[in-house]
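What follows is start.cif (mmCIF, N, CA and C atoms).
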data_model
#
loop_
_atom_site.label_atom_id
_atom_site.label_comp_id
_atom_site.auth_asym_id
_atom_site.auth_seq_id
_atom_site.Cartn_x
_atom_site.Cartn_y
_atom_site.Cartn_z
N MET B 194 -41.39 76.20 18.86
CA MET B 194 -41.38 74.89 19.49
C MET B 194 -41.32 75.08 21.00
N LYS B 195 -42.19 74.41 21.70
CA LYS B 195 -42.24 74.50 23.15
C LYS B 195 -41.10 73.69 23.76
N GLU B 196 -40.42 74.27 24.72
CA GLU B 196 -39.31 73.58 25.39
C GLU B 196 -39.81 72.85 26.63
N HIS B 197 -39.36 71.62 26.80
CA HIS B 197 -39.69 70.83 27.98
C HIS B 197 -38.40 70.57 28.72
N VAL B 198 -38.43 70.68 30.05
CA VAL B 198 -37.22 70.50 30.85
C VAL B 198 -37.42 69.34 31.81
N SER B 199 -36.40 68.48 31.90
CA SER B 199 -36.39 67.37 32.86
C SER B 199 -35.05 67.38 33.56
N VAL B 200 -34.97 66.68 34.68
CA VAL B 200 -33.74 66.60 35.46
C VAL B 200 -33.14 65.21 35.31
N ILE B 201 -31.83 65.14 35.15
CA ILE B 201 -31.14 63.85 35.07
C ILE B 201 -30.89 63.37 36.49
N THR B 202 -31.28 62.12 36.79
CA THR B 202 -31.07 61.55 38.12
C THR B 202 -29.64 61.05 38.26
N ARG B 203 -29.29 60.61 39.49
CA ARG B 203 -27.96 60.04 39.74
C ARG B 203 -27.69 58.86 38.83
N LYS B 204 -28.72 58.13 38.47
CA LYS B 204 -28.57 56.95 37.61
C LYS B 204 -28.58 57.31 36.12
N GLY B 205 -28.64 58.58 35.80
CA GLY B 205 -28.65 59.01 34.41
C GLY B 205 -30.00 58.90 33.75
N GLN B 206 -31.04 58.78 34.54
CA GLN B 206 -32.38 58.64 33.99
C GLN B 206 -33.07 59.99 33.86
N VAL B 207 -33.93 60.09 32.85
CA VAL B 207 -34.68 61.32 32.60
C VAL B 207 -36.14 60.93 32.37
N THR B 208 -37.05 61.69 32.92
CA THR B 208 -38.47 61.47 32.66
C THR B 208 -38.85 62.24 31.40
N ILE B 209 -39.48 61.52 30.45
CA ILE B 209 -39.96 62.19 29.25
C ILE B 209 -41.33 62.77 29.59
N PRO B 210 -41.49 64.07 29.41
CA PRO B 210 -42.76 64.70 29.77
C PRO B 210 -43.95 64.04 29.07
N ALA B 211 -45.08 64.01 29.76
CA ALA B 211 -46.28 63.34 29.27
C ALA B 211 -46.71 63.86 27.90
N GLU B 212 -46.60 65.14 27.67
CA GLU B 212 -47.00 65.73 26.39
C GLU B 212 -46.18 65.14 25.23
N ILE B 213 -44.90 64.93 25.46
CA ILE B 213 -44.03 64.34 24.44
C ILE B 213 -44.36 62.87 24.26
N ARG B 214 -44.59 62.15 25.37
CA ARG B 214 -44.95 60.73 25.26
C ARG B 214 -46.23 60.56 24.46
N ARG B 215 -47.20 61.42 24.71
CA ARG B 215 -48.47 61.36 23.96
C ARG B 215 -48.23 61.66 22.48
N ALA B 216 -47.43 62.68 22.19
CA ALA B 216 -47.17 63.07 20.80
C ALA B 216 -46.50 61.95 20.02
N LEU B 217 -45.65 61.17 20.69
CA LEU B 217 -44.93 60.07 20.03
C LEU B 217 -45.61 58.72 20.23
N SER B 218 -46.77 58.73 20.89
CA SER B 218 -47.50 57.48 21.21
C SER B 218 -46.60 56.49 21.94
N LEU B 219 -45.86 56.97 22.92
CA LEU B 219 -44.96 56.12 23.72
C LEU B 219 -45.68 55.61 24.95
N ASN B 220 -45.47 54.34 25.25
CA ASN B 220 -46.05 53.73 26.43
C ASN B 220 -44.95 53.04 27.23
N GLU B 221 -45.28 52.64 28.44
CA GLU B 221 -44.33 51.93 29.29
C GLU B 221 -43.78 50.71 28.55
N GLY B 222 -42.47 50.56 28.58
CA GLY B 222 -41.83 49.43 27.93
C GLY B 222 -41.41 49.69 26.50
N ASP B 223 -41.90 50.78 25.88
CA ASP B 223 -41.49 51.11 24.51
C ASP B 223 -40.02 51.50 24.49
N LYS B 224 -39.41 51.37 23.33
CA LYS B 224 -38.01 51.76 23.17
C LYS B 224 -37.96 53.11 22.49
N ILE B 225 -36.94 53.88 22.85
CA ILE B 225 -36.70 55.16 22.18
C ILE B 225 -35.26 55.17 21.68
N ALA B 226 -35.04 55.95 20.63
CA ALA B 226 -33.71 56.06 20.05
C ALA B 226 -33.17 57.46 20.30
N PHE B 227 -31.88 57.54 20.61
CA PHE B 227 -31.21 58.83 20.82
C PHE B 227 -30.22 59.04 19.68
N GLU B 228 -30.25 60.20 19.07
CA GLU B 228 -29.28 60.56 18.04
C GLU B 228 -28.63 61.88 18.43
N VAL B 229 -27.30 61.91 18.38
CA VAL B 229 -26.58 63.14 18.68
C VAL B 229 -26.39 63.91 17.38
N GLU B 230 -26.86 65.14 17.35
CA GLU B 230 -26.73 66.03 16.19
C GLU B 230 -26.02 67.29 16.66
N GLU B 231 -24.72 67.32 16.43
CA GLU B 231 -23.86 68.42 16.88
C GLU B 231 -24.03 68.61 18.38
N ASP B 232 -24.64 69.72 18.82
CA ASP B 232 -24.78 69.96 20.26
C ASP B 232 -26.19 69.67 20.76
N ARG B 233 -26.95 68.87 20.00
CA ARG B 233 -28.32 68.54 20.38
C ARG B 233 -28.50 67.03 20.39
N ILE B 234 -29.52 66.60 21.13
CA ILE B 234 -29.89 65.19 21.14
C ILE B 234 -31.29 65.09 20.56
N ARG B 235 -31.44 64.19 19.62
CA ARG B 235 -32.75 63.95 19.01
C ARG B 235 -33.28 62.65 19.60
N ILE B 236 -34.52 62.69 20.10
CA ILE B 236 -35.16 61.51 20.67
C ILE B 236 -36.32 61.14 19.76
N ALA B 237 -36.38 59.85 19.40
CA ALA B 237 -37.45 59.38 18.51
C ALA B 237 -37.95 58.03 19.00
N ALA B 238 -39.20 57.74 18.69
CA ALA B 238 -39.74 56.42 19.00
C ALA B 238 -38.97 55.41 18.17
N HIS B 239 -38.54 54.33 18.80
CA HIS B 239 -37.82 53.26 18.10
C HIS B 239 -38.80 52.12 17.87
N ARG B 240 -39.26 52.00 16.65
CA ARG B 240 -40.25 50.96 16.33
C ARG B 240 -39.58 49.65 15.99
N GLY B 241 -38.28 49.67 15.72
CA GLY B 241 -37.56 48.44 15.43
C GLY B 241 -37.87 47.90 14.06
N SER B 242 -37.18 46.85 13.71
CA SER B 242 -37.40 46.20 12.43
C SER B 242 -38.65 45.33 12.50
N VAL B 243 -39.09 44.87 11.37
CA VAL B 243 -40.24 43.96 11.32
C VAL B 243 -39.93 42.71 12.14
N VAL B 244 -38.70 42.24 12.06
CA VAL B 244 -38.30 41.05 12.82
C VAL B 244 -38.43 41.31 14.31
N GLU B 245 -37.93 42.45 14.78
CA GLU B 245 -38.03 42.78 16.20
C GLU B 245 -39.48 42.90 16.65
N ARG B 246 -40.31 43.56 15.83
CA ARG B 246 -41.71 43.79 16.23
C ARG B 246 -42.54 42.52 16.22
N THR B 247 -42.18 41.54 15.41
CA THR B 247 -43.00 40.35 15.29
C THR B 247 -42.38 39.11 15.92
N ALA B 248 -41.19 39.24 16.49
CA ALA B 248 -40.51 38.08 17.07
C ALA B 248 -41.40 37.42 18.12
N GLY B 249 -41.55 36.12 18.00
CA GLY B 249 -42.31 35.35 18.98
C GLY B 249 -43.81 35.33 18.78
N THR B 250 -44.32 36.01 17.77
CA THR B 250 -45.77 36.05 17.59
C THR B 250 -46.33 34.77 16.97
N LEU B 251 -45.48 34.00 16.33
CA LEU B 251 -45.94 32.77 15.69
C LEU B 251 -45.40 31.55 16.42
N LYS B 252 -45.58 31.52 17.72
CA LYS B 252 -45.11 30.39 18.51
C LYS B 252 -46.00 29.18 18.29
N SER B 253 -45.40 28.01 18.41
CA SER B 253 -46.15 26.77 18.21
C SER B 253 -45.62 25.72 19.17
N THR B 254 -46.51 24.85 19.59
CA THR B 254 -46.09 23.73 20.44
C THR B 254 -45.70 22.53 19.60
N THR B 255 -45.98 22.61 18.28
CA THR B 255 -45.64 21.51 17.36
C THR B 255 -44.13 21.53 17.12
N PRO B 256 -43.48 20.37 17.25
CA PRO B 256 -42.04 20.35 17.00
C PRO B 256 -41.72 20.71 15.54
N MET B 257 -40.57 21.31 15.33
CA MET B 257 -40.16 21.68 13.98
C MET B 257 -39.88 20.43 13.15
N LEU B 258 -40.15 20.54 11.87
CA LEU B 258 -39.87 19.45 10.95
C LEU B 258 -38.43 19.55 10.45
N SER B 259 -37.87 18.41 10.14
CA SER B 259 -36.54 18.41 9.53
C SER B 259 -36.70 18.89 8.08
N PRO B 260 -35.63 19.31 7.43
CA PRO B 260 -35.74 19.72 6.03
C PRO B 260 -36.36 18.63 5.15
N GLU B 261 -36.02 17.38 5.42
CA GLU B 261 -36.58 16.28 4.63
C GLU B 261 -38.09 16.17 4.84
N GLU B 262 -38.51 16.29 6.11
CA GLU B 262 -39.94 16.22 6.42
C GLU B 262 -40.69 17.39 5.78
N GLU B 263 -40.09 18.58 5.82
CA GLU B 263 -40.72 19.74 5.19
C GLU B 263 -40.89 19.52 3.70
N ARG B 264 -39.88 18.97 3.05
CA ARG B 264 -39.96 18.70 1.62
C ARG B 264 -41.08 17.70 1.32
N GLU B 265 -41.17 16.63 2.14
CA GLU B 265 -42.22 15.63 1.94
C GLU B 265 -43.61 16.24 2.09
N VAL B 266 -43.79 17.07 3.12
CA VAL B 266 -45.08 17.73 3.34
C VAL B 266 -45.41 18.65 2.17
N ALA B 267 -44.41 19.42 1.70
CA ALA B 267 -44.64 20.33 0.58
C ALA B 267 -44.99 19.55 -0.69
N GLU B 268 -44.27 18.46 -0.96
CA GLU B 268 -44.55 17.66 -2.14
C GLU B 268 -45.96 17.06 -2.08
N GLN B 269 -46.36 16.61 -0.91
CA GLN B 269 -47.71 16.05 -0.74
C GLN B 269 -48.76 17.13 -0.99
N ALA B 270 -48.53 18.34 -0.45
CA ALA B 270 -49.49 19.43 -0.64
C ALA B 270 -49.59 19.81 -2.11
N ILE B 271 -48.47 19.85 -2.81
CA ILE B 271 -48.47 20.17 -4.24
C ILE B 271 -49.23 19.10 -5.01
N ALA B 272 -48.96 17.83 -4.69
CA ALA B 272 -49.66 16.72 -5.37
C ALA B 272 -51.16 16.82 -5.16
N GLU B 273 -51.59 17.10 -3.92
CA GLU B 273 -53.01 17.22 -3.63
C GLU B 273 -53.63 18.40 -4.38
N ASP B 274 -52.88 19.50 -4.49
CA ASP B 274 -53.37 20.68 -5.19
C ASP B 274 -53.53 20.37 -6.68
N VAL B 275 -52.57 19.65 -7.25
CA VAL B 275 -52.66 19.28 -8.67
C VAL B 275 -53.88 18.41 -8.91
N VAL B 276 -54.09 17.42 -8.06
CA VAL B 276 -55.23 16.51 -8.21
C VAL B 276 -56.54 17.30 -8.11
N THR B 277 -56.61 18.22 -7.15
CA THR B 277 -57.81 19.02 -6.95
C THR B 277 -58.10 19.89 -8.18
N HIS B 278 -57.08 20.53 -8.73
CA HIS B 278 -57.27 21.44 -9.86
C HIS B 278 -57.39 20.71 -11.20
N MET B 279 -56.98 19.48 -11.26
CA MET B 279 -57.08 18.70 -12.50
C MET B 279 -58.41 17.94 -12.55
N GLY B 280 -59.17 18.05 -11.48
CA GLY B 280 -60.48 17.40 -11.45
C GLY B 280 -60.42 15.93 -11.15
N GLY B 281 -59.34 15.50 -10.51
CA GLY B 281 -59.19 14.06 -10.26
C GLY B 281 -59.67 13.72 -8.95
#
Could you write out this structure as C-alpha coordinates?
Amino acid sequence: MKEHVSVITRKGQVTIPAEIRRALSLNEGDKIAFEVEEDRIRIAAHRGSVVERTAGTLKSTTPMLSPEEEREVAEQAIAEDVVTHMGG
(Lines of atoms letter the chains of each structure in order from A and count residues from 1; the text may use other names and numbers.)
(Lines give C-alpha, C1' and ligand atoms only; values in the text may rest on other atoms or scores of the structure.)
Protein backbone atom coordinates (compact mmCIF):
# COMPACT_ATOMS: atom_id res chain seq x y z
CA MET A 1 0.00 0.00 0.00
CA LYS A 2 1.38 3.38 -1.00
CA GLU A 3 1.72 5.87 1.85
CA HIS A 4 0.53 9.44 1.40
CA VAL A 5 1.70 12.19 3.76
CA SER A 6 -0.07 15.48 4.55
CA VAL A 7 0.58 18.21 7.10
CA ILE A 8 -1.94 19.25 9.76
CA THR A 9 -2.51 23.03 9.74
CA ARG A 10 -2.96 25.26 12.81
CA LYS A 11 -6.71 24.85 12.33
CA GLY A 12 -6.43 21.05 12.35
CA GLN A 13 -7.08 20.75 8.64
CA VAL A 14 -5.46 18.19 6.36
CA THR A 15 -5.42 18.05 2.57
CA ILE A 16 -6.47 14.67 1.21
CA PRO A 17 -4.10 13.85 -1.65
CA ALA A 18 -5.64 13.96 -5.12
CA GLU A 19 -4.95 10.27 -5.76
CA ILE A 20 -7.00 9.31 -2.69
CA ARG A 21 -9.81 11.72 -3.59
CA ARG A 22 -9.99 10.18 -7.06
CA ALA A 23 -9.95 6.62 -5.65
CA LEU A 24 -12.88 7.45 -3.34
CA SER A 25 -14.68 9.64 -5.92
CA LEU A 26 -14.59 12.57 -3.46
CA ASN A 27 -15.44 16.06 -4.63
CA GLU A 28 -15.60 19.48 -3.00
CA GLY A 29 -18.36 19.55 -0.41
CA ASP A 30 -18.51 15.76 0.04
CA LYS A 31 -18.46 14.37 3.56
CA ILE A 32 -15.90 11.92 4.87
CA ALA A 33 -16.03 9.70 7.93
CA PHE A 34 -13.14 9.13 10.35
CA GLU A 35 -12.89 5.91 12.37
CA VAL A 36 -10.22 5.32 15.00
CA GLU A 37 -8.87 1.76 14.91
CA GLU A 38 -6.35 1.30 17.71
CA ASP A 39 -3.41 3.51 16.63
CA ARG A 40 -4.72 4.19 13.11
CA ILE A 41 -7.36 6.41 11.56
CA ARG A 42 -9.55 5.05 8.81
CA ILE A 43 -10.99 7.60 6.37
CA ALA A 44 -13.96 6.66 4.20
CA ALA A 45 -16.40 8.44 1.94
CA HIS A 46 -19.55 9.20 3.94
CA ARG A 47 -22.49 8.68 1.62
CA GLY A 48 -25.05 9.17 4.39
CA SER A 49 -28.44 7.61 4.71
CA VAL A 50 -31.03 7.62 1.94
CA VAL A 51 -32.81 10.38 3.86
CA GLU A 52 -29.67 12.54 3.97
CA ARG A 53 -28.89 11.97 0.28
CA THR A 54 -32.40 12.75 -0.93
CA ALA A 55 -33.47 15.47 1.52
CA GLY A 56 -35.01 18.40 -0.31
CA THR A 57 -35.17 16.74 -3.72
CA LEU A 58 -38.97 16.63 -3.76
CA LYS A 59 -39.68 20.27 -3.01
CA SER A 60 -43.04 21.70 -3.98
CA THR A 61 -44.65 25.11 -3.97
CA THR A 62 -48.05 23.48 -3.36
CA PRO A 63 -49.13 23.82 0.27
CA MET A 64 -49.33 20.59 2.25
CA LEU A 65 -52.73 19.00 2.70
CA SER A 66 -54.21 18.34 6.10
CA PRO A 67 -54.70 14.67 7.02
CA GLU A 68 -58.42 15.05 6.30
CA GLU A 69 -57.73 16.56 2.86
CA GLU A 70 -55.24 13.78 2.08
CA ARG A 71 -57.84 11.16 3.00
CA GLU A 72 -60.45 12.84 0.78
CA VAL A 73 -58.04 12.99 -2.17
CA ALA A 74 -57.05 9.33 -1.65
CA GLU A 75 -60.70 8.22 -1.41
CA GLN A 76 -61.54 10.13 -4.60
CA ALA A 77 -58.58 8.55 -6.44
CA ILE A 78 -59.61 5.07 -5.28
CA ALA A 79 -63.22 5.68 -6.37
CA GLU A 80 -62.06 6.88 -9.80
CA ASP A 81 -59.78 3.85 -10.14
CA VAL A 82 -62.64 1.48 -9.27
CA VAL A 83 -64.94 3.13 -11.82
CA THR A 84 -62.22 2.96 -14.48
CA HIS A 85 -61.46 -0.73 -13.86
CA MET A 86 -65.12 -1.74 -13.52
CA GLY A 87 -65.87 -0.29 -16.94
CA GLY A 88 -68.20 2.38 -15.65
List every residue of segment 235-277 of chain B that DSSP, applied to the backbone of this structure, assigns to alpha helix (DSSP H), and report them as a VMD selection string. chain B and resid 243 to 247 260 to 277
Write down as JSON, numbers by chain the residues belonging to chain B that are assigned strand (DSSP E) by DSSP computed on the backbone. {"B": [224, 225, 226, 227, 228, 229, 230, 233, 234, 235, 236, 237, 238, 239]}
Rounded to one decimal in Å, what is the spacing between atom CA of Glu196 of chain B and atom N of Asp232 of chain B? 16.5 Å
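The space separating atom C of Glu261 of chain B from atom CA of Glu273 of chain B comes to 17.2 Å.
The space separating atom C of Glu265 of chain B from atom C of Lys252 of chain B comes to 20.9 Å.
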Selection in question (the file shown): the PyMOL selection byres ((chain B and resi 238) around 7). Which residues does it include, as a list in words? Leu217, Lys224, Ile225, Ala226, Ile236, Ala237, His239, Arg240 and Gly241 of chain B
Might I get the box with edges along x, y and z of the file that holds all atoms of segment 253-263 of chain B listed there, padded by 6 Å on every side, given as centre and edge lengths in Å to one decimal, as lines of an AutoDock Vina configuration file?
center_x = -41.1
center_y = 22.1
center_z = 12.1
size_x = 22.9
size_y = 23.8
size_z = 28.7
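Surrounding segment 209-212 of chain B within 8 Å are B:His197, B:Ser199, B:Arg215, B:Ala216, with only C-alpha atoms counted and residues fewer than 3 positions along the same chain left out.
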Generate a file for segment 197-217 of chain B, containing N, CA and C atoms, as a PDB file, in the first residue's frame.
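And here is the file that came out, part.pdb:
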ATOM      1  N   HIS B 197       0.675   8.042   1.773  1.00  0.00           N
ATOM      2  CA  HIS B 197       0.532   9.442   1.401  1.00  0.00           C
ATOM      3  C   HIS B 197       0.702  10.258   2.672  1.00  0.00           C
ATOM      4  N   VAL B 198       1.426  11.368   2.584  1.00  0.00           N
ATOM      5  CA  VAL B 198       1.696  12.193   3.757  1.00  0.00           C
ATOM      6  C   VAL B 198       1.125  13.590   3.540  1.00  0.00           C
ATOM      7  N   SER B 199       0.442  14.108   4.563  1.00  0.00           N
ATOM      8  CA  SER B 199      -0.072  15.478   4.552  1.00  0.00           C
ATOM      9  C   SER B 199       0.315  16.129   5.865  1.00  0.00           C
ATOM     10  N   VAL B 200       0.238  17.448   5.908  1.00  0.00           N
ATOM     11  CA  VAL B 200       0.580  18.207   7.103  1.00  0.00           C
ATOM     12  C   VAL B 200      -0.696  18.751   7.732  1.00  0.00           C
ATOM     13  N   ILE B 201      -0.793  18.686   9.049  1.00  0.00           N
ATOM     14  CA  ILE B 201      -1.944  19.247   9.762  1.00  0.00           C
ATOM     15  C   ILE B 201      -1.681  20.739   9.961  1.00  0.00           C
ATOM     16  N   THR B 202      -2.649  21.579   9.578  1.00  0.00           N
ATOM     17  CA  THR B 202      -2.508  23.028   9.736  1.00  0.00           C
ATOM     18  C   THR B 202      -2.831  23.436  11.171  1.00  0.00           C
ATOM     19  N   ARG B 203      -2.620  24.735  11.475  1.00  0.00           N
ATOM     20  CA  ARG B 203      -2.958  25.261  12.806  1.00  0.00           C
ATOM     21  C   ARG B 203      -4.419  25.035  13.132  1.00  0.00           C
ATOM     22  N   LYS B 204      -5.268  25.038  12.124  1.00  0.00           N
ATOM     23  CA  LYS B 204      -6.706  24.846  12.326  1.00  0.00           C
ATOM     24  C   LYS B 204      -7.098  23.371  12.377  1.00  0.00           C
ATOM     25  N   GLY B 205      -6.138  22.481  12.306  1.00  0.00           N
ATOM     26  CA  GLY B 205      -6.430  21.050  12.351  1.00  0.00           C
ATOM     27  C   GLY B 205      -6.885  20.483  11.028  1.00  0.00           C
ATOM     28  N   GLN B 206      -6.646  21.206   9.957  1.00  0.00           N
ATOM     29  CA  GLN B 206      -7.078  20.752   8.640  1.00  0.00           C
ATOM     30  C   GLN B 206      -5.971  19.976   7.939  1.00  0.00           C
ATOM     31  N   VAL B 207      -6.391  19.012   7.122  1.00  0.00           N
ATOM     32  CA  VAL B 207      -5.461  18.186   6.360  1.00  0.00           C
ATOM     33  C   VAL B 207      -5.956  18.127   4.920  1.00  0.00           C
ATOM     34  N   THR B 208      -5.056  18.218   3.976  1.00  0.00           N
ATOM     35  CA  THR B 208      -5.417  18.055   2.572  1.00  0.00           C
ATOM     36  C   THR B 208      -5.363  16.570   2.231  1.00  0.00           C
ATOM     37  N   ILE B 209      -6.456  16.065   1.656  1.00  0.00           N
ATOM     38  CA  ILE B 209      -6.467  14.674   1.212  1.00  0.00           C
ATOM     39  C   ILE B 209      -5.834  14.653  -0.174  1.00  0.00           C
ATOM     40  N   PRO B 210      -4.781  13.879  -0.350  1.00  0.00           N
ATOM     41  CA  PRO B 210      -4.099  13.850  -1.647  1.00  0.00           C
ATOM     42  C   PRO B 210      -5.050  13.516  -2.792  1.00  0.00           C
ATOM     43  N   ALA B 211      -4.787  14.113  -3.947  1.00  0.00           N
ATOM     44  CA  ALA B 211      -5.644  13.960  -5.122  1.00  0.00           C
ATOM     45  C   ALA B 211      -5.857  12.495  -5.503  1.00  0.00           C
ATOM     46  N   GLU B 212      -4.837  11.684  -5.401  1.00  0.00           N
ATOM     47  CA  GLU B 212      -4.945  10.268  -5.760  1.00  0.00           C
ATOM     48  C   GLU B 212      -5.988   9.559  -4.884  1.00  0.00           C
ATOM     49  N   ILE B 213      -6.024   9.901  -3.610  1.00  0.00           N
ATOM     50  CA  ILE B 213      -6.998   9.305  -2.690  1.00  0.00           C
ATOM     51  C   ILE B 213      -8.389   9.840  -2.989  1.00  0.00           C
ATOM     52  N   ARG B 214      -8.496  11.148  -3.252  1.00  0.00           N
ATOM     53  CA  ARG B 214      -9.806  11.724  -3.585  1.00  0.00           C
ATOM     54  C   ARG B 214     -10.381  11.069  -4.831  1.00  0.00           C
ATOM     55  N   ARG B 215      -9.536  10.841  -5.826  1.00  0.00           N
ATOM     56  CA  ARG B 215      -9.992  10.181  -7.058  1.00  0.00           C
ATOM     57  C   ARG B 215     -10.422   8.743  -6.762  1.00  0.00           C
ATOM     58  N   ALA B 216      -9.640   8.024  -5.963  1.00  0.00           N
ATOM     59  CA  ALA B 216      -9.947   6.621  -5.655  1.00  0.00           C
ATOM     60  C   ALA B 216     -11.282   6.494  -4.933  1.00  0.00           C
ATOM     61  N   LEU B 217     -11.625   7.481  -4.100  1.00  0.00           N
ATOM     62  CA  LEU B 217     -12.882   7.446  -3.344  1.00  0.00           C
ATOM     63  C   LEU B 217     -13.992   8.251  -4.012  1.00  0.00           C
TER      64      LEU B 217
END
